[in-house]
There are 2 protein chains.
Amino acid sequence: MISRPTITQLASQLGVAPSTVSRAFTRPDLLRPDTVDRVLAAAKAVGYVPNNNARALSTGRAGAIGLIVPDIANPFFPPLIRAAQNHASAAGLSVFLADSDEDAEREERLIIAMAPQVEGLLVVSSRLPSTRLRELAGRYRLALINRDVAGTFRVLLDATSAIRAALNHLKELGHTRIAYVGGPERSWSNRQRRGAVEVTARQLGLHFTSYGVPPGTYEAAKALSRTVVGKGATGVIAFDDVLAHGLMGGFAEERIDVPGDVSIIGCDDALATQTFPALSTISFNVADATSAAIHGLTEHPSDATLPTARITFDGTLVLRGTTGPAREYSAFRK
Amino acid sequence: MISRPTITQLASQLGVAPSTVSRAFTRPDLLRPDTVDRVLAAAKAVGYVPNNNARALSTGRAGAIGLIVPDIANPFFPPLIRAAQNHASAAGLSVFLADSDEDAEREERLIIAMAPQVEGLLVVSSRLPSTRLRELAGRYRLALINRDVAGTFRVLLDATSAIRAALNHLKELGHTRIAYVGGPERSWSNRQRRGAVEVTARQLGLHFTSYGVPPGTYEAAKALSRTVVGKGATGVIAFDDVLAHGLMGGFAEERIDVPGDVSIIGCDDALATQTFPALSTISFNVADATSAAIHGLTEHPSDATLPTARITFDGTLVLRGTTGPAREYSAFRK
DNA sequence: CCTTGTCATGCAAACGTTTGCAGAGAACCA
DNA sequence: TGGTTCTCTGCAAACGTTTGCATGACAAGG
C-alpha cells in the first residue's frame, strides 16, 4: 500500500535482474546463497513485499482459498475458521470468509462469485440441495465439510458412534423416553444425528420422539423446552450445544432441574463449560477435519476439480454435568 | 477456476476489442447500450467472470480489505465480522479475515503481511501499544475500532454514558458496593470501561473495587466469582457479556442468586438472552460503527493513509433480568 | 460541402510478477 | 588447451485487465 517498492526497483537498486529477486523468494535453491541473502536483506531494508495479485496473475494460482459458513455467530464455526486460517497460512494461503446467513441462494451466489478468485472453496454445512452441490463441485474446486454428497470431496464429522454411546449411557441411567431436538432442516449433520438417535433408540428399546427447531437458535430451543419435557422425555439429545443451552434456559425458567429432572446431551462441544451445570456433549476434532479439507484443496493439481473422497472423523461422548439418573416419569410433571 | 474465459476470448468471439468488453463492465456509460447488453449476455452465456487479480494489478486497487480481530470466538466479533462483510461487499470489496489470538506480535505480523495486499485494514480491539499503532497507521491504511490512538482514524464504542446510567440504576436499587470485573489489559475498551465505572462510582459515592480477568474467558471469570462477592460487592459491572456469564456461572455453583443476592450488568449485548436470568447489559450499534470504519477506508483516496478522525458511538443500557434491589450486605454472606 | 463536435470503439502500453530458455563463466577432465 | 558439464544469472514473454489516446463515423451547423 502507498506505492510500495516493486521487484524491478529492488533489482536495479541491487544491480541484478528482476528474475533474480523473484527467485530469491520463490526458488532460492537456484541462486547462490549469498545472492539470496543479499536480496533478502535489501528487501527487508526497503520493505519490499511481493505483490500477490501480480504473482497470482502470473502463476495462475490465487494464493487464497474461500471459506463459506452458514452462520459465523454459531459457536461451532469460530474454531473451525481459526483452524482454516492456520492451516491455510501454513500453506501460504490467505482465506476469504463469507457467511451465507443460512440462505441457500445466497450460498450459491457466494460460491459462484468466490470460486473463480480462489484456489478452492471450503463449504461448511452447506444448505444447498445435493444435486446443485454436485453440479457446482463439478465446475469448481469444492471441499465440503459436514455434507455428504456422493461424487464430491467431503469430510464429515460423524456423530453416530458417539450418539450410540450417549443413548447407552442414558439407558444405563434408567432413561426410557428419549427426545431429539433438531436444528436446521437443510443441515446434513442434523439429519444424520436425528437418524442415529432414532435407530439407536429403536435398537435399545427406548421410546423416541423427534422435535425440530428449524431456526436453530437459542431462543427457539428455549421456547420448545416445555413441550419436550411435557411429553415425558427424560433424556434429550440436542442437535448442537446452542440448542442444548436454549433448552437448559427454558428448563431453568420452568424450575425443571438438570440433571435431576431431565438429562441433556448437546453436540459439537462448542460451549465447553459455559453452562450450568456443565454440558455433557459430543466433541469433534474440528481442527483435524478442517486440516483434511484444506489438504484436499492444496494437494491436488489446481487445474481440475477435486477427486471424490469421503473422509470421516468420529465424535466422542464427553460427560459433564447434565446427565444423571432418570426420575420417575410422573414425579416432576407439572 | 479451471481455465475460465478471458476478456480477450470473449472479445474476439464477439468481434469487438477487449477494451470494449472491459468497459461493458466498468464504464457501461461509455458504450452504446445495445453493445453493453450484447457483451453482458455473451459474458453470462460463456460464464465469464472478471479476473480480480488482473484487475487489481492493472488498477492498483486490491478489491479487498483486511479485518483483524483478537479472538474470533468471542461472541462480540461475529456480528461485527458479518457487518464488515456486508458493507464491504456492498462496496464491491471482499474481506480477508485474520485472528491475532490476543497476541500483539502476531497482530503486528498480520498487519504488515496483509496491508500491502488490501485497500485498507480494519483493526478491531488492537492489542498493540499506541506508539506502534500510530507508526503503522502512518505507513498503512488503518481504521481502528475500539482503540483510541490520537492521530489515527478510529471509531469507538463508548460505554461511558451507559455505564453512568447503569450505576445510577444500581444506586437507585440500593446498591452501595460496586465491583468492576475487567478483561484483557491491552484492551482499550476494558480500560475505558473500568475508568468510567471508577469515576462514576466516586461521583455517586459508591464503594468501588476493581478486579481483573486478563485472559477474558468464561472460566477465568467463573473462578473469580467467589472473590468478587466475598468482598461484599452487590452490584457488578463486567467488561463484557462473556465475563458476566462466567460470573453468573460461578454464582450458580455457589448458590448465590442473581439478581436476589447480587446484581450484574454485562457489556456488548453479545449473549442476548442466552443466560438465565437474561443478562442486563450495555448494547452497541456495532453495524453502524463497522460501517463508519469501512466508509473511512473506502471514501478516502487510496494512495494515502487515512485522515485523523475520532468517531464515537454511545452504548445504551438494556435492563433485563440480572439487576434487582440490593440485599443487606451480610444477609447472604456465606 | 466543409468544419466542428460528439459519440463509440479500437490500439497499445502498463501493472508486477514468474519462468522457459539462453548465455556466461567456472570447474573439471583428458 | 580444448571440450564438456554445471551453476548461476539475465532476457523477454506471458498472465488478464484497465485506460489514455487516437480514430472513424456520423450529425449538426454554417
# chains A, B, ... in the order shown; residues from 1 in each chain; ligands from 1
$ residues_around --residues "Ser210 of chain B" --least-positions-apart "6" --cutoff "9 Å" --atoms "only C-alpha atoms (C1' of nucleotides)" --output "list in words"
Ile178, Ala179, Tyr180, Val181, Gly182, Arg194 and Glu198 of chain B
$ residues_around --residues "DT9 of chain D" --least-positions-apart "2" --cutoff "9 Å" --atoms "only C-alpha atoms (C1' of nucleotides)" --output "VMD selection string"
(chain A and resid 16 to 17 19 to 20 31) or (chain C and resid 24)
$ write_last_selection --atoms "N, CA and C atoms (P, O5', C5', C4', C3', O3' and C1' of nucleotides)" --output "tab-separated table (two decimals), in the first residue's frame"
chain	number	residue	atom	x	y	z
A	16	VAL	N	20.89	-6.34	-10.04
A	16	VAL	CA	20.61	-7.68	-10.55
A	16	VAL	C	19.33	-7.61	-11.39
A	17	ALA	N	18.99	-8.73	-11.98
A	17	ALA	CA	17.77	-8.77	-12.79
A	17	ALA	C	16.56	-9.03	-11.91
A	19	SER	N	14.34	-11.08	-12.31
A	19	SER	CA	14.11	-12.51	-12.12
A	19	SER	C	14.92	-13.06	-10.96
A	20	THR	N	16.07	-12.48	-10.74
A	20	THR	CA	16.89	-12.94	-9.62
A	20	THR	C	16.21	-12.63	-8.29
A	31	LEU	N	19.71	-20.14	-6.64
A	31	LEU	CA	20.64	-19.00	-6.56
A	31	LEU	C	21.81	-19.30	-5.63
C	24	DA	P	27.44	-15.12	-23.88
C	24	DA	O5'	28.15	-14.89	-22.47
C	24	DA	C5'	27.48	-14.11	-21.47
C	24	DA	C4'	28.10	-14.41	-20.12
C	24	DA	C3'	29.60	-14.69	-20.18
C	24	DA	O3'	30.19	-14.16	-19.01
C	24	DA	C1'	28.48	-16.58	-19.31
$ residues_around --residues "segment 5-8 of chain C" --least-positions-apart "4" --cutoff "9 Å" --atoms "only C-alpha atoms (C1' of nucleotides)" --output "PyMOL selection string"
(chain B and resi 30-32) or (chain D and resi 25-28)
$ residues_around --residues "Leu97 of chain B" --least-positions-apart "6" --cutoff "8 Å" --atoms "only C-alpha atoms (C1' of nucleotides)" --output "NGL selection string"
(:A and (95-97)) or (:B and (66-69))
$ interface_residues --of "chain A" --to "chain C" --cutoff "6 Å" --atoms "only C-alpha atoms (C1' of nucleotides)" --output "JSON, numbers by chain"
{"A": [54, 55, 58]}
$ closest_residue --among "A:Ala223, A:Leu144, A:Ala90, A:Ala304" --to "chain B" --atoms "only C-alpha atoms"
A:Ala304
$ closest_atom_pairs --of "chain D" --to "chain A" --cutoff "9 Å" --atoms "only C-alpha atoms (C1' of nucleotides)" --output "JSON lines"
{"residue": "D:DT7", "atom": "C1'", "partner": "A:Leu30", "partner_atom": "CA", "distance": 8.6}
{"residue": "D:DC8", "atom": "C1'", "partner": "A:Leu31", "partner_atom": "CA", "distance": 6.3}
{"residue": "D:DT9", "atom": "C1'", "partner": "A:Thr20", "partner_atom": "CA", "distance": 6.9}
{"residue": "D:DG10", "atom": "C1'", "partner": "A:Ala17", "partner_atom": "CA", "distance": 6.1}
{"residue": "D:DC11", "atom": "C1'", "partner": "A:Ala17", "partner_atom": "CA", "distance": 8.9}
{"residue": "D:DA14", "atom": "C1'", "partner": "A:Ser58", "partner_atom": "CA", "distance": 7.5}
{"residue": "D:DC15", "atom": "C1'", "partner": "A:Ser58", "partner_atom": "CA", "distance": 4.5}
{"residue": "D:DG16", "atom": "C1'", "partner": "A:Leu57", "partner_atom": "CA", "distance": 7.3}
$ write_last_selection --atoms "N, CA and C atoms (P, O5', C5', C4', C3', O3' and C1' of nucleotides)" --output "short mmCIF file (atom, residue, chain, number, x, y, z; two decimals), in the first residue's frame"
data_model
loop_
_atom_site.label_atom_id
_atom_site.label_comp_id
_atom_site.auth_asym_id
_atom_site.auth_seq_id
_atom_site.Cartn_x
_atom_site.Cartn_y
_atom_site.Cartn_z
P DT D 7 25.34 -28.44 -10.74
"O5'" DT D 7 25.60 -26.88 -10.58
"C5'" DT D 7 26.91 -26.41 -10.29
"C4'" DT D 7 26.92 -24.90 -10.25
"C3'" DT D 7 25.66 -24.31 -9.61
"O3'" DT D 7 26.06 -23.25 -8.76
"C1'" DT D 7 25.97 -23.41 -11.77
P DC D 8 24.98 -22.54 -7.81
"O5'" DC D 8 24.73 -21.19 -8.61
"C5'" DC D 8 25.78 -20.21 -8.66
"C4'" DC D 8 25.45 -19.21 -9.73
"C3'" DC D 8 24.24 -18.33 -9.42
"O3'" DC D 8 24.73 -17.01 -9.16
"C1'" DC D 8 24.29 -19.06 -11.69
P DT D 9 23.76 -15.88 -8.69
"O5'" DT D 9 23.24 -15.30 -10.07
"C5'" DT D 9 24.14 -14.55 -10.87
"C4'" DT D 9 23.51 -14.29 -12.21
"C3'" DT D 9 22.29 -13.38 -12.18
"O3'" DT D 9 22.68 -12.14 -12.77
"C1'" DT D 9 22.01 -15.21 -13.68
P DG D 10 21.68 -10.89 -12.83
"O5'" DG D 10 21.21 -10.95 -14.36
"C5'" DG D 10 22.20 -10.90 -15.37
"C4'" DG D 10 21.57 -11.08 -16.73
"C3'" DG D 10 20.39 -10.15 -17.00
"O3'" DG D 10 20.53 -9.65 -18.33
"C1'" DG D 10 19.72 -12.41 -17.32
P DC D 11 19.62 -8.42 -18.78
"O5'" DC D 11 18.83 -9.04 -20.03
"C5'" DC D 11 19.36 -10.15 -20.71
"C4'" DC D 11 18.34 -10.69 -21.70
"C3'" DC D 11 17.19 -9.75 -22.05
"O3'" DC D 11 16.92 -9.92 -23.42
"C1'" DC D 11 16.31 -11.72 -21.11
P DA D 14 4.42 -14.47 -25.85
"O5'" DA D 14 3.49 -14.73 -24.57
"C5'" DA D 14 3.71 -15.89 -23.77
"C4'" DA D 14 3.21 -15.63 -22.39
"C3'" DA D 14 1.79 -15.02 -22.32
"O3'" DA D 14 0.89 -16.02 -21.87
"C1'" DA D 14 3.28 -14.04 -20.74
P DC D 15 -0.67 -15.77 -22.15
"O5'" DC D 15 -1.26 -15.62 -20.69
"C5'" DC D 15 -0.80 -16.38 -19.59
"C4'" DC D 15 -1.14 -15.65 -18.33
"C3'" DC D 15 -2.39 -14.78 -18.47
"O3'" DC D 15 -3.52 -15.54 -18.06
"C1'" DC D 15 -0.63 -13.68 -17.26
P DG D 16 -4.84 -15.50 -19.02
"O5'" DG D 16 -5.58 -14.18 -18.54
"C5'" DG D 16 -5.97 -14.08 -17.19
"C4'" DG D 16 -6.47 -12.69 -16.92
"C3'" DG D 16 -7.57 -12.22 -17.87
"O3'" DG D 16 -8.57 -11.59 -17.09
"C1'" DG D 16 -5.78 -10.67 -17.85
#
$ interface_residues --of "chain A" --to "chain B" --cutoff "8 Å" --atoms "only C-alpha atoms" --output "MDAnalysis selection string"
chainID A and resid 1:4 49 51:54 56:57 62 72:73 75 78:79 82 85 94:99 115:119 139:141 218:219 245:246 249 252:253 273:276 302:305
$ residues_around --residues "Thr312 of chain B" --least-positions-apart "5" --cutoff "9 Å" --atoms "only C-alpha atoms (C1' of nucleotides)" --output "mmCIF file with C-alpha atoms, in the first residue's frame"
data_model
loop_
_atom_site.group_PDB
_atom_site.id
_atom_site.type_symbol
_atom_site.label_atom_id
_atom_site.label_comp_id
_atom_site.auth_asym_id
_atom_site.auth_seq_id
_atom_site.Cartn_x
_atom_site.Cartn_y
_atom_site.Cartn_z
ATOM 1 C CA ARG B 154 -10.670 5.356 14.786
ATOM 2 C CA VAL B 155 -14.227 4.533 15.617
ATOM 3 C CA LEU B 156 -15.083 3.872 19.196
ATOM 4 C CA LEU B 157 -17.906 2.245 21.043
ATOM 5 C CA ASP B 158 -18.209 4.462 24.045
ATOM 6 C CA ALA B 289 -19.677 1.526 13.838
#
$ atom_distance --atom1 "atom CA of Thr298 of chain B" --atom2 "atom CA of Arg127 of chain B"
24.2 Å
$ select_by_dssp --residues "segment 124-324 of chain A" --states "helix (DSSP H, G or I)" --output "ChimeraX atom specification"
/A:130-139,160-172,188-204,218-230,241-253,286-298
$ residues_around --residues "Asp241 of chain B" --least-positions-apart "5" --cutoff "8 Å" --atoms "only C-alpha atoms (C1' of nucleotides)" --output "number ranges by chain"
B: 266-271, 279, 281
$ residues_around --residues "Ser291 of chain A" --least-positions-apart "3" --cutoff "9 Å" --atoms "only C-alpha atoms (C1' of nucleotides)" --output "list in words"
Ala83, Ala84, His87, Ala88, Val286, Ala287, Asp288, Ile294, His295 and Gly296 of chain A
$ select_by_dssp --residues "segment 103-321 of chain A" --states "strand (DSSP E)" --output "number ranges by chain"
A: 121-124, 142-145, 153-158, 177-182, 207-212, 235-238, 263-265, 281-283, 309-314, 316-318
$ decode --residues "segment 159-173 of chain A" --atoms "N, CA, C and O atoms" --output "mmCIF file, in the first residue's frame"
data_model
loop_
_atom_site.group_PDB
_atom_site.id
_atom_site.type_symbol
_atom_site.label_atom_id
_atom_site.label_comp_id
_atom_site.auth_asym_id
_atom_site.auth_seq_id
_atom_site.Cartn_x
_atom_site.Cartn_y
_atom_site.Cartn_z
ATOM 1 N N ALA A 159 -21.311 -38.342 14.060
ATOM 2 C CA ALA A 159 -21.721 -38.426 15.463
ATOM 3 C C ALA A 159 -22.290 -39.794 15.821
ATOM 4 O O ALA A 159 -22.596 -40.058 16.983
ATOM 5 N N THR A 160 -22.413 -40.655 14.817
ATOM 6 C CA THR A 160 -23.143 -41.903 15.045
ATOM 7 C C THR A 160 -22.672 -42.682 16.262
ATOM 8 O O THR A 160 -23.467 -43.003 17.157
ATOM 9 N N SER A 161 -21.391 -42.984 16.286
ATOM 10 C CA SER A 161 -20.931 -43.846 17.373
ATOM 11 C C SER A 161 -21.055 -43.139 18.722
ATOM 12 O O SER A 161 -21.389 -43.755 19.735
ATOM 13 N N ALA A 162 -20.822 -41.848 18.723
ATOM 14 C CA ALA A 162 -20.935 -41.107 19.980
ATOM 15 C C ALA A 162 -22.384 -41.067 20.452
ATOM 16 O O ALA A 162 -22.664 -41.124 21.650
ATOM 17 N N ILE A 163 -23.284 -40.982 19.491
ATOM 18 C CA ILE A 163 -24.706 -40.973 19.873
ATOM 19 C C ILE A 163 -25.098 -42.325 20.447
ATOM 20 O O ILE A 163 -25.857 -42.425 21.414
ATOM 21 N N ARG A 164 -24.542 -43.368 19.852
ATOM 22 C CA ARG A 164 -24.825 -44.691 20.392
ATOM 23 C C ARG A 164 -24.345 -44.743 21.849
ATOM 24 O O ARG A 164 -25.075 -45.205 22.740
ATOM 25 N N ALA A 165 -23.146 -44.247 22.068
ATOM 26 C CA ALA A 165 -22.612 -44.238 23.438
ATOM 27 C C ALA A 165 -23.510 -43.414 24.352
ATOM 28 O O ALA A 165 -23.778 -43.792 25.499
ATOM 29 N N ALA A 166 -23.996 -42.305 23.817
ATOM 30 C CA ALA A 166 -24.836 -41.422 24.632
ATOM 31 C C ALA A 166 -26.120 -42.125 25.057
ATOM 32 O O ALA A 166 -26.515 -42.089 26.221
ATOM 33 N N LEU A 167 -26.752 -42.794 24.095
ATOM 34 C CA LEU A 167 -28.015 -43.448 24.435
ATOM 35 C C LEU A 167 -27.789 -44.629 25.379
ATOM 36 O O LEU A 167 -28.588 -44.878 26.284
ATOM 37 N N ASN A 168 -26.702 -45.325 25.158
ATOM 38 C CA ASN A 168 -26.375 -46.397 26.107
ATOM 39 C C ASN A 168 -26.219 -45.839 27.508
ATOM 40 O O ASN A 168 -26.734 -46.401 28.482
ATOM 41 N N HIS A 169 -25.547 -44.755 27.571
ATOM 42 C CA HIS A 169 -25.334 -44.109 28.861
ATOM 43 C C HIS A 169 -26.674 -43.736 29.497
ATOM 44 O O HIS A 169 -26.940 -44.023 30.668
ATOM 45 N N LEU A 170 -27.528 -43.132 28.712
ATOM 46 C CA LEU A 170 -28.831 -42.723 29.249
ATOM 47 C C LEU A 170 -29.648 -43.937 29.685
ATOM 48 O O LEU A 170 -30.325 -43.919 30.725
ATOM 49 N N LYS A 171 -29.544 -44.995 28.883
ATOM 50 C CA LYS A 171 -30.313 -46.187 29.241
ATOM 51 C C LYS A 171 -29.821 -46.757 30.571
ATOM 52 O O LYS A 171 -30.616 -47.131 31.432
ATOM 53 N N GLU A 172 -28.522 -46.779 30.719
ATOM 54 C CA GLU A 172 -27.971 -47.277 31.980
ATOM 55 C C GLU A 172 -28.438 -46.449 33.161
ATOM 56 O O GLU A 172 -28.584 -46.952 34.276
ATOM 57 N N LEU A 173 -28.646 -45.183 32.897
ATOM 58 C CA LEU A 173 -29.123 -44.305 33.973
ATOM 59 C C LEU A 173 -30.621 -44.466 34.204
ATOM 60 O O LEU A 173 -31.205 -43.787 35.045
#
